[in-house]
Amino acid sequence: MCLRDRSVFSSMRSMHISRFTTLHALRIAVVTLLLLHSRAAFSQSSDSQSPAATTREQEPASPAANRGPADTGQKEETNRFDLFDLLKEGEVSMTADQSARLAVARSPAAASAQAALNKSREGAAKAWLAVYPRLELSARYTRLSEVEQGSLLRGATADLIPEEMREGMRFPQFLNQYVFRASVTYPLSDLFFTILPAYRASEGFSEAQAFSVKAEQHKIALQAREAFYNYALARASLAVARAALAQAEAHRSDVAALVAAGTVASVELMRMDAQVAAARVLVARSQGGLAIAKTGLGVLIGQRLKGDIAIAEPLYSPLPPLTKSPEEMLKQASQQRPEILALHKIIEAHSESIDASSATRYPHLALSAGVDYANPNQRVFPQEEKFKPSWDISAVLTWSPNDLFEGGHRVAESEADLTKTQSDLASLEEALVIELTQACEQYDSARAAMEAAQTGIESAEESYRVRREQFRAGAAVATEVIDAESELRDARMQLIGAAIDMRIAKAHLDRALGRP
């Protein structure tokens, strides 16, 4: 009796296991059909929304297309997402150098610096005019008051001369006087001690302003390059956000199919709804960031950007490592930075100003010559109511005690300006050491980050593909796929971020070295 019960129990257990196996096989078949249907629908919608879908369909099939089902699938989807190819799409093609040239050409700050340069050049040209003799032309009319006339005869002698003869011995009065004069003055001593040093000072200030214009242009070019790369980063962020949204929606479709088949709890679908909502928030924020970056770039280059700008430079191409030592680069920067060159010129100009101010304290020797054409001419005796010429040549030596004190104050002012400029140069050289060190470190770290990001993106894509396949096979949960999606999104952002940081670091290094 006991043996018979055992055999009956074994028979019933075998029937139950067989029925469960059959039911489980049917459930897996249904889930597989639902997954295939959802993937086909998602692929059609993704291809219809992607602007590059037609182009990709016309491309020849990759070697992965001939592999088995285990090698295709989501890996094909991740490989199709080429971030740098997406950035090449746009209405207008532009590079960072082009944006820098456009910004410099229309920048108000650059125009202001150029106007200051023109002003300083005119000041130097005006200072040079002092080396030429000073020519003055004048015309003068004078009305004199009538005065009592004197006589050459006095006392008893006057009584002996008849009255009619006395009238002829009086001086005539010419009440209207006309004088035309031309004079030439040459500051002989001031030419060597004041005029030429002052001219060299003005010329030095003009050259310093020219270097200031270059410095302003380099500053604006750096701002334009940063704005361009920030725009590229904003476009890439939006592309990554949209790709993350598409992945989240695709994974939600898979989860919905599994929930409908009864193999996954409905809470997993709610979790995926939250993931899709978060991806949509990221897309919205990325769109706002792109609009801000586009506006900033458009303001700098003086253009109103409507469509997308195609990034026409290889952001992913590696940059060469630094070969020069810090000492060599610092020496190069000291010889090329326009700010440093401008301060050196200003120091030379202040030294010339000190010499010019010192000379004003001493006597001044000048040569003067003039020609008068007057009616009556005061140098003609007796005077006649006629125009007659005369000329004169003079050597004039002048000195005033006031010049001694005023010149001393001018020298003190120039010396103070010289000391200030020397202090500014020392501060700038110290700041240049820090700036160059930061630029070199950022450049090296950006290159290393780029290499690491390229390795990380490959690992993240493969991890996401494996997790998706495991989830479809029932060997992984939704949380693992969500984590893989986040890692893939972060890896893509790290890749484009590293590429942009590398380009910005190069721009800062060029700026530190004084390159345009």
# chains A, B, ... in the order shown; residues from 1 in each chain; ligands from 1
call {"tool": "residues_around", "arguments": {"residues": "segment 376-391 of chain A", "least_positions_apart": "3", "cutoff": "9 Å", "atoms": "only C-alpha atoms", "output": "PyMOL selection string"}}
result
chain A and resi 171-174+176-179+369-373
call {"tool": "closest_atom_pairs", "arguments": {"of": "segment 82-149 of chain A", "to": "segment 284-299 of chain A", "cutoff": "12 Å", "atoms": "only C-alpha atoms", "output": "tab-separated table"}}
result
residue	atom	partner	partner_atom	distance
A:Met94	CA	A:Leu297	CA	11.5
A:Ala96	CA	A:Leu297	CA	10.6
A:Gln98	CA	A:Leu297	CA	11.9
A:Ser99	CA	A:Leu297	CA	8.2
A:Ala100	CA	A:Leu297	CA	10.2
A:Leu102	CA	A:Gly298	CA	10.1
A:Ala103	CA	A:Val299	CA	8.6
A:Val104	CA	A:Val299	CA	11.9
A:Arg106	CA	A:Val299	CA	9.9
A:Ser107	CA	A:Val299	CA	9.6
A:Pro108	CA	A:Val299	CA	11.4
call {"tool": "atom_distance", "arguments": {"atom1": "atom CA of Leu509 of chain A", "atom2": "atom CA of Ala109 of chain A"}}
result
22.5 Å
call {"tool": "closest_residue", "arguments": {"among": "A:Glu268, A:Glu458, A:Asp392, A:Glu441", "to": "Val481 of chain A", "atoms": "only C-alpha atoms"}}
result
A:Glu268
call {"tool": "residues_around", "arguments": {"residues": "Leu513 of chain A", "least_positions_apart": "6", "cutoff": "8 Å", "atoms": "only C-alpha atoms", "output": "PyMOL selection string"}}
result
chain A and resi 329-330+332-334+336-337+436
call {"tool": "write_last_selection", "arguments": {"atoms": "C-alpha atoms", "output": "PDB file, in the first residue's frame"}}
result
ATOM      1  CA  MET A 329      57.383  78.343 -22.602  1.00  0.00           C
ATOM      2  CA  LEU A 330      57.670  81.125 -20.013  1.00  0.00           C
ATOM      3  CA  GLN A 332      58.354  82.455 -25.186  1.00  0.00           C
ATOM      4  CA  ALA A 333      55.353  83.996 -23.430  1.00  0.00           C
ATOM      5  CA  SER A 334      57.471  86.873 -22.114  1.00  0.00           C
ATOM      6  CA  GLN A 336      55.201  87.281 -27.312  1.00  0.00           C
ATOM      7  CA  ARG A 337      52.520  88.379 -24.861  1.00  0.00           C
ATOM      8  CA  LEU A 436      50.934  79.418 -17.964  1.00  0.00           C
TER       9      LEU A 436
END
call {"tool": "select_by_dssp", "arguments": {"residues": "segment 90-261 of chain A", "states": "strand (DSSP E or B)", "output": "PyMOL selection string"}}
result
chain A and resi 92-94+134-143+151+170+176-186
call {"tool": "atom_distance", "arguments": {"atom1": "atom CA of Ala452 of chain A", "atom2": "atom CA of Gly497 of chain A"}}
result
11.8 Å
call {"tool": "select_by_dssp", "arguments": {"residues": "segment 359-489 of chain A", "states": "helix (DSSP H, G or I)", "output": "PyMOL selection string"}}
result
chain A and resi 359+401-473+478-489
call {"tool": "residues_around", "arguments": {"residues": "Tyr316 of chain A", "least_positions_apart": "4", "cutoff": "12 Å", "atoms": "only C-alpha atoms", "output": "PyMOL selection string"}}
result
chain A and resi 82-85+87+311-312+446-447+449-451+453-454+495-503
call {"tool": "closest_residue", "arguments": {"among": "A:Glu413, A:Glu122, A:Glu148, A:Glu435", "to": "Phe205 of chain A", "atoms": "only C-alpha atoms"}}
result
A:Glu122
call {"tool": "atom_distance", "arguments": {"atom1": "atom CA of Arg101 of chain A", "atom2": "atom CA of Ala210 of chain A"}}
result
18.1 Å
call {"tool": "closest_residue", "arguments": {"among": "A:Glu226, A:Glu136, A:Asp355, A:Asp273", "to": "Phe193 of chain A", "atoms": "only C-alpha atoms"}}
result
A:Asp355
call {"tool": "residues_around", "arguments": {"residues": "Ser368 of chain A", "least_positions_apart": "3", "cutoff": "10 Å", "atoms": "only C-alpha atoms", "output": "tab-separated table (two decimals) with N, CA and C atoms, in the first residue's frame"}}
result
chain	number	residue	atom	x	y	z
A	133	PRO	N	60.70	124.69	-37.76
A	133	PRO	CA	60.60	126.11	-37.34
A	133	PRO	C	59.15	126.56	-37.31
A	134	ARG	N	58.85	127.47	-36.41
A	134	ARG	CA	57.50	127.99	-36.29
A	134	ARG	C	57.36	129.26	-37.11
A	135	LEU	N	56.49	129.23	-38.07
A	135	LEU	CA	56.25	130.37	-38.96
A	135	LEU	C	54.96	131.05	-38.53
A	183	SER	N	57.32	136.06	-39.41
A	183	SER	CA	58.42	135.74	-38.49
A	183	SER	C	58.62	134.23	-38.43
A	184	VAL	N	59.84	133.83	-38.18
A	184	VAL	CA	60.22	132.42	-38.05
A	184	VAL	C	60.98	132.27	-36.74
A	185	THR	N	60.55	131.26	-35.92
A	185	THR	CA	61.20	131.00	-34.64
A	185	THR	C	61.61	129.53	-34.59
A	186	TYR	N	62.84	129.31	-34.17
A	186	TYR	CA	63.35	127.93	-34.07
A	186	TYR	C	63.87	127.69	-32.66
A	187	PRO	N	63.26	126.74	-31.91
A	187	PRO	CA	63.71	126.47	-30.52
A	187	PRO	C	64.98	125.61	-30.54
A	392	ASP	N	64.57	141.67	-39.34
A	392	ASP	CA	65.35	141.56	-38.10
A	392	ASP	C	65.67	140.09	-37.85
A	393	ILE	N	66.78	139.83	-37.18
A	393	ILE	CA	67.23	138.49	-36.76
A	393	ILE	C	67.64	138.59	-35.31
A	394	SER	N	67.19	137.57	-34.51
A	394	SER	CA	67.45	137.64	-33.08
A	394	SER	C	67.86	136.26	-32.56
A	395	ALA	N	68.66	136.27	-31.54
A	395	ALA	CA	68.96	135.08	-30.73
A	395	ALA	C	68.41	135.37	-29.35
A	396	VAL	N	67.46	134.55	-28.89
A	396	VAL	CA	66.72	134.84	-27.66
A	396	VAL	C	67.03	133.77	-26.63
call {"tool": "residues_around", "arguments": {"residues": "His409 of chain A", "least_positions_apart": "3", "cutoff": "12 Å", "atoms": "only C-alpha atoms", "output": "count of residues only"}}
result
15
call {"tool": "closest_residue", "arguments": {"among": "A:Pro318, A:Pro516, A:Gly307, A:Pro363", "to": "Asp97 of chain A", "atoms": "only C-alpha atoms"}}
result
A:Pro516
call {"tool": "closest_residue", "arguments": {"among": "A:Asp444, A:Glu91, A:Asp417, A:Asp490", "to": "Leu319 of chain A", "atoms": "only C-alpha atoms"}}
result
A:Asp444
